[in-house]
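A short write-up of the structure that comes next.
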Amino acid sequence: MFDAILRRILPGPARPDNPETRRRCGLLAGIAGIVLNLLLFAGKLCAGLLTGAISVTADAFNNLSDAAGSVVTLAGFRMAGRRADAEHPFGHGRVEYLAGLAVSLLILLVGVELIRESAGKILQPSETLLTPLAAGVLLVSILVKLWMGWFNAELGKRADSAALRAAALDARADVLATSAVLGGLAVSRLTHLNLDGWLGLAVAAFILRAGWSAAKDTIDPLLGAQPDPAMVADIESLILAHPPVLGIHDLIIHDYGPGRRMMSVHAEVPAGGSLVELHEVIDRAERELERRFGLEAVIHMDPVERGDPRSDRLRSLAEALAREIDPTATVHDFRLSGEDQVAFDVVVPYDVSLSDQEVREALAGKLLEREPGCRPAIGVDRSPVP
């Protein structure tokens with residue numbers, strides 16, 4: 001039933017790169033979050049005041065922070081949907097990541113405050129009562145949050161939105177927290193054990209965990225996270241399917257917000273090839289990358305010599321020596337300059353303990369042992385995916 005409702009509200013295929021799809025998803029999630037969370041806050045606050053249960057009151061203020069987060073999400077989507085301008089030529093898509101980060105910080109602040117209040121309740125316990133009204137409010141809250149978790153997750157998939165995925169994760173954490181409060185109050189009524197303060201701590205722990213997870217999902221693209229290895233493999237396969245491209249390296253993806261990503265990569269091509277023909281091949285590969293991945297691609301051509309016996313032998317030697325430093329190390333941009341210079345770049349993982357200078361010295365030393373008289377010119381790149 002819910003799927004049918006979504007299809008009526010958001011007709012057509014899910015297109016994360018479609019600004020209208022993203023605008024509607026953000027609008028729906030924001031309005032639903034504000035209205036439902038305010039209603040839950042009011043209901044739980046009344047129940048908490050009537051029962052004297054700090055855990056229920058804490059859960060109420062958690063919903064109030066969720067409503068504030070929905071306001072931030074709504075504003076973030078509206079700003080992120082603005083077109084590029086002279087001051088922001090790459091658009092405003094990263095505002096959505098900032099909105100998700102703001103939501104995460106609100107979640108974390110609520111968690112810290114709940115720890116403080118719950119600790120006070122443990123030190124100075126007071127009687128709590130589980131009334132039918134409180135039980136009913138908590139049960140309704142669980143059902144509403146289950147629906148909100150599904151709703152935000154579906155919208156997050158359609159819009160490829162970190163902010164909406166954070167909201168979905170927060171709703172699911174709320175289900176666990178409210179369930180713990182309800183179950184604990186029931187146990188307290190049956191056993192006369194005052195668990196209210198401890199339940200408040202449990203709720204706070206759920207909230208802090210959800211807030212940290214949501215923050216990480218929004219911080220990573222802002223800082224510039226490593227692209228998905230599966231996507232890197234797909235990009236490599238696509239480019240190598242355009243002969244005479246021989247290999248790629250130095251792949252970088254710049255994320256300016258969902259639907260606005262740019263990439264640069266170096267492609268090795270035969271040094272003796274026609275510049276015009278190679279340019280046409282590279283242009284085709286760039287257009288296919290945009291169609292398939294939605295990436296604005298810039299491919300830099302690196303001419304390399306293949307088929308020359310001495311060059312091929314020295315390249316194989318350099319690759320073997322690089323693997324002695326780390327089994328996953330690779331070599332690119334290999335070229336001979338004049339009679340004695342051997343130039344290339346080596347890619348080693350970030351976790352290799354040697355410094356870049358130590359890597360250069362180690363490789364140069366190994367190469368001179370095998371090829372006395374050559375002049376190594378070695379560059380070092382770092383990558384978790386060589």
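Residue numbers start at 1 in each chain; chains themselves are named A, B, ... in the order of the structure tokens; ligands are numbered from 1 in the order shown.
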
Find the residues around segment 293-307 of chain A up to 6 Å (only C-alpha atoms counted), leave out those fewer than 4 positions away in its own chain, and share them as a short mmCIF file (atom, residue, chain, number, x, y, z; two decimals) with N, CA and C atoms, in the first residue's frame.
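selection.cif, written as the output of this step:
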data_model
loop_
_atom_site.label_atom_id
_atom_site.label_comp_id
_atom_site.auth_asym_id
_atom_site.auth_seq_id
_atom_site.Cartn_x
_atom_site.Cartn_y
_atom_site.Cartn_z
N ARG A 261 28.76 15.03 -9.53
CA ARG A 261 30.08 14.48 -9.26
C ARG A 261 30.96 14.65 -10.49
N MET A 262 32.22 14.93 -10.24
CA MET A 262 33.21 15.07 -11.30
C MET A 262 34.34 14.09 -11.04
N MET A 263 34.98 13.63 -12.10
CA MET A 263 36.10 12.72 -11.93
C MET A 263 37.22 13.09 -12.88
N SER A 264 38.44 12.79 -12.45
CA SER A 264 39.61 12.92 -13.31
C SER A 264 40.40 11.63 -13.22
N VAL A 265 41.02 11.25 -14.32
CA VAL A 265 41.79 10.01 -14.36
C VAL A 265 42.84 10.13 -15.46
N HIS A 266 43.94 9.46 -15.29
CA HIS A 266 44.98 9.41 -16.31
C HIS A 266 44.86 8.08 -17.06
N ALA A 267 44.88 8.16 -18.38
CA ALA A 267 44.79 6.96 -19.22
C ALA A 267 46.08 6.82 -20.02
N GLU A 268 46.69 5.64 -19.94
CA GLU A 268 47.90 5.38 -20.71
C GLU A 268 47.53 5.00 -22.14
N VAL A 269 48.17 5.68 -23.09
CA VAL A 269 47.92 5.43 -24.52
C VAL A 269 49.26 5.26 -25.23
N PRO A 270 49.27 4.59 -26.38
CA PRO A 270 50.54 4.40 -27.11
C PRO A 270 51.17 5.74 -27.50
N ALA A 271 52.48 5.85 -27.27
CA ALA A 271 53.17 7.11 -27.56
C ALA A 271 53.17 7.43 -29.05
N GLU A 286 34.61 9.57 -22.14
CA GLU A 286 34.07 10.56 -21.22
C GLU A 286 32.55 10.64 -21.32
N LEU A 289 31.00 7.60 -19.62
CA LEU A 289 31.06 7.72 -18.16
C LEU A 289 29.94 8.61 -17.63
#

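Backbone DSSP over segment 286-334 of chain A yields strand (DSSP E or B) at Leu295, Glu296, Ala297, Val298, Ile299, His300, Met301, Asp302, Pro303, Val304, Thr330, Val331, His332, Asp333 and Phe334 of chain A.
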
Since we have the selection now, will you write its residues out, keeping N, CA and C atoms, as a PDB file, in the first residue's frame?
ATOM      1  N   LEU A 295      28.798  11.025 -14.189  1.00  0.00           N
ATOM      2  CA  LEU A 295      30.042  11.697 -13.835  1.00  0.00           C
ATOM      3  C   LEU A 295      30.478  12.636 -14.951  1.00  0.00           C
ATOM      4  N   GLU A 296      30.849  13.851 -14.579  1.00  0.00           N
ATOM      5  CA  GLU A 296      31.508  14.737 -15.536  1.00  0.00           C
ATOM      6  C   GLU A 296      32.990  14.383 -15.513  1.00  0.00           C
ATOM      7  N   ALA A 297      33.440  13.712 -16.559  1.00  0.00           N
ATOM      8  CA  ALA A 297      34.773  13.109 -16.541  1.00  0.00           C
ATOM      9  C   ALA A 297      35.772  13.923 -17.357  1.00  0.00           C
ATOM     10  N   VAL A 298      36.985  13.993 -16.843  1.00  0.00           N
ATOM     11  CA  VAL A 298      38.123  14.558 -17.566  1.00  0.00           C
ATOM     12  C   VAL A 298      39.214  13.496 -17.563  1.00  0.00           C
ATOM     13  N   ILE A 299      39.591  13.032 -18.758  1.00  0.00           N
ATOM     14  CA  ILE A 299      40.603  11.980 -18.882  1.00  0.00           C
ATOM     15  C   ILE A 299      41.868  12.579 -19.477  1.00  0.00           C
ATOM     16  N   HIS A 300      42.947  12.474 -18.720  1.00  0.00           N
ATOM     17  CA  HIS A 300      44.252  12.968 -19.170  1.00  0.00           C
ATOM     18  C   HIS A 300      45.017  11.830 -19.831  1.00  0.00           C
ATOM     19  N   MET A 301      45.581  12.090 -21.007  1.00  0.00           N
ATOM     20  CA  MET A 301      46.318  11.051 -21.737  1.00  0.00           C
ATOM     21  C   MET A 301      47.791  11.057 -21.347  1.00  0.00           C
ATOM     22  N   ASP A 302      48.306   9.878 -20.984  1.00  0.00           N
ATOM     23  CA  ASP A 302      49.726   9.691 -20.703  1.00  0.00           C
ATOM     24  C   ASP A 302      50.317   8.780 -21.778  1.00  0.00           C
ATOM     25  N   PRO A 303      51.172   9.296 -22.666  1.00  0.00           N
ATOM     26  CA  PRO A 303      51.770   8.441 -23.698  1.00  0.00           C
ATOM     27  C   PRO A 303      52.825   7.514 -23.102  1.00  0.00           C
ATOM     28  N   VAL A 304      52.759   6.245 -23.418  1.00  0.00           N
ATOM     29  CA  VAL A 304      53.739   5.255 -22.944  1.00  0.00           C
ATOM     30  C   VAL A 304      54.223   4.423 -24.127  1.00  0.00           C
ATOM     31  N   THR A 330      51.832  -1.031  -7.565  1.00  0.00           N
ATOM     32  CA  THR A 330      51.767  -1.030  -9.027  1.00  0.00           C
ATOM     33  C   THR A 330      52.613   0.111  -9.580  1.00  0.00           C
ATOM     34  N   VAL A 331      52.909   0.027 -10.883  1.00  0.00           N
ATOM     35  CA  VAL A 331      53.739   1.021 -11.562  1.00  0.00           C
ATOM     36  C   VAL A 331      52.958   1.588 -12.731  1.00  0.00           C
ATOM     37  N   HIS A 332      53.051   2.907 -12.930  1.00  0.00           N
ATOM     38  CA  HIS A 332      52.427   3.512 -14.103  1.00  0.00           C
ATOM     39  C   HIS A 332      53.316   4.636 -14.619  1.00  0.00           C
ATOM     40  N   ASP A 333      52.951   5.175 -15.775  1.00  0.00           N
ATOM     41  CA  ASP A 333      53.719   6.259 -16.419  1.00  0.00           C
ATOM     42  C   ASP A 333      55.180   5.870 -16.619  1.00  0.00           C
ATOM     43  N   PHE A 334      55.413   4.640 -17.001  1.00  0.00           N
ATOM     44  CA  PHE A 334      56.785   4.192 -17.213  1.00  0.00           C
ATOM     45  C   PHE A 334      57.288   4.708 -18.558  1.00  0.00           C
TER      46      PHE A 334
END

Determine, for each residue of segment 275-326 of chain A having at least one atom at most 10 Å from an atom of segment 346-357 of chain A, the closest pair of atoms and their separation in Å to one decimal, counting only C-alpha atoms; order by chain and ascending number, as a tab-separated table.
residue	atom	partner	partner_atom	distance
A:Ala318	CA	A:Val346	CA	8.9
A:Glu319	CA	A:Val346	CA	8.4
A:Ala322	CA	A:Val346	CA	7.1
A:Arg323	CA	A:Val348	CA	9.2
A:Ile325	CA	A:Val348	CA	8.5
A:Asp326	CA	A:Val348	CA	7.0

Can you list, as a CSV table (one decimal) with C-alpha atoms, in the first residue's frame, every protein, DNA or RNA residue that comes within 12 Å of Pro132 of chain A when you count only C-alpha atoms, leaving out same-chain residues fewer than 2 positions away?
chain,number,residue,atom,x,y,z
A,47,ALA,CA,2.6,11.0,29.4
A,50,LEU,CA,1.6,12.3,34.3
A,51,THR,CA,3.8,9.3,35.2
A,129,LEU,CA,3.7,4.7,37.0
A,130,LEU,CA,2.9,2.9,33.8
A,134,ALA,CA,1.5,6.2,28.7
A,135,ALA,CA,1.5,2.7,27.3
A,136,GLY,CA,-0.8,3.7,24.5
A,137,VAL,CA,1.3,6.7,23.6
A,138,LEU,CA,4.5,4.6,23.5
A,139,LEU,CA,2.9,1.9,21.4
A,182,LEU,CA,8.0,0.6,27.4
A,185,LEU,CA,8.3,0.5,32.7
A,186,ALA,CA,6.3,-2.7,32.4
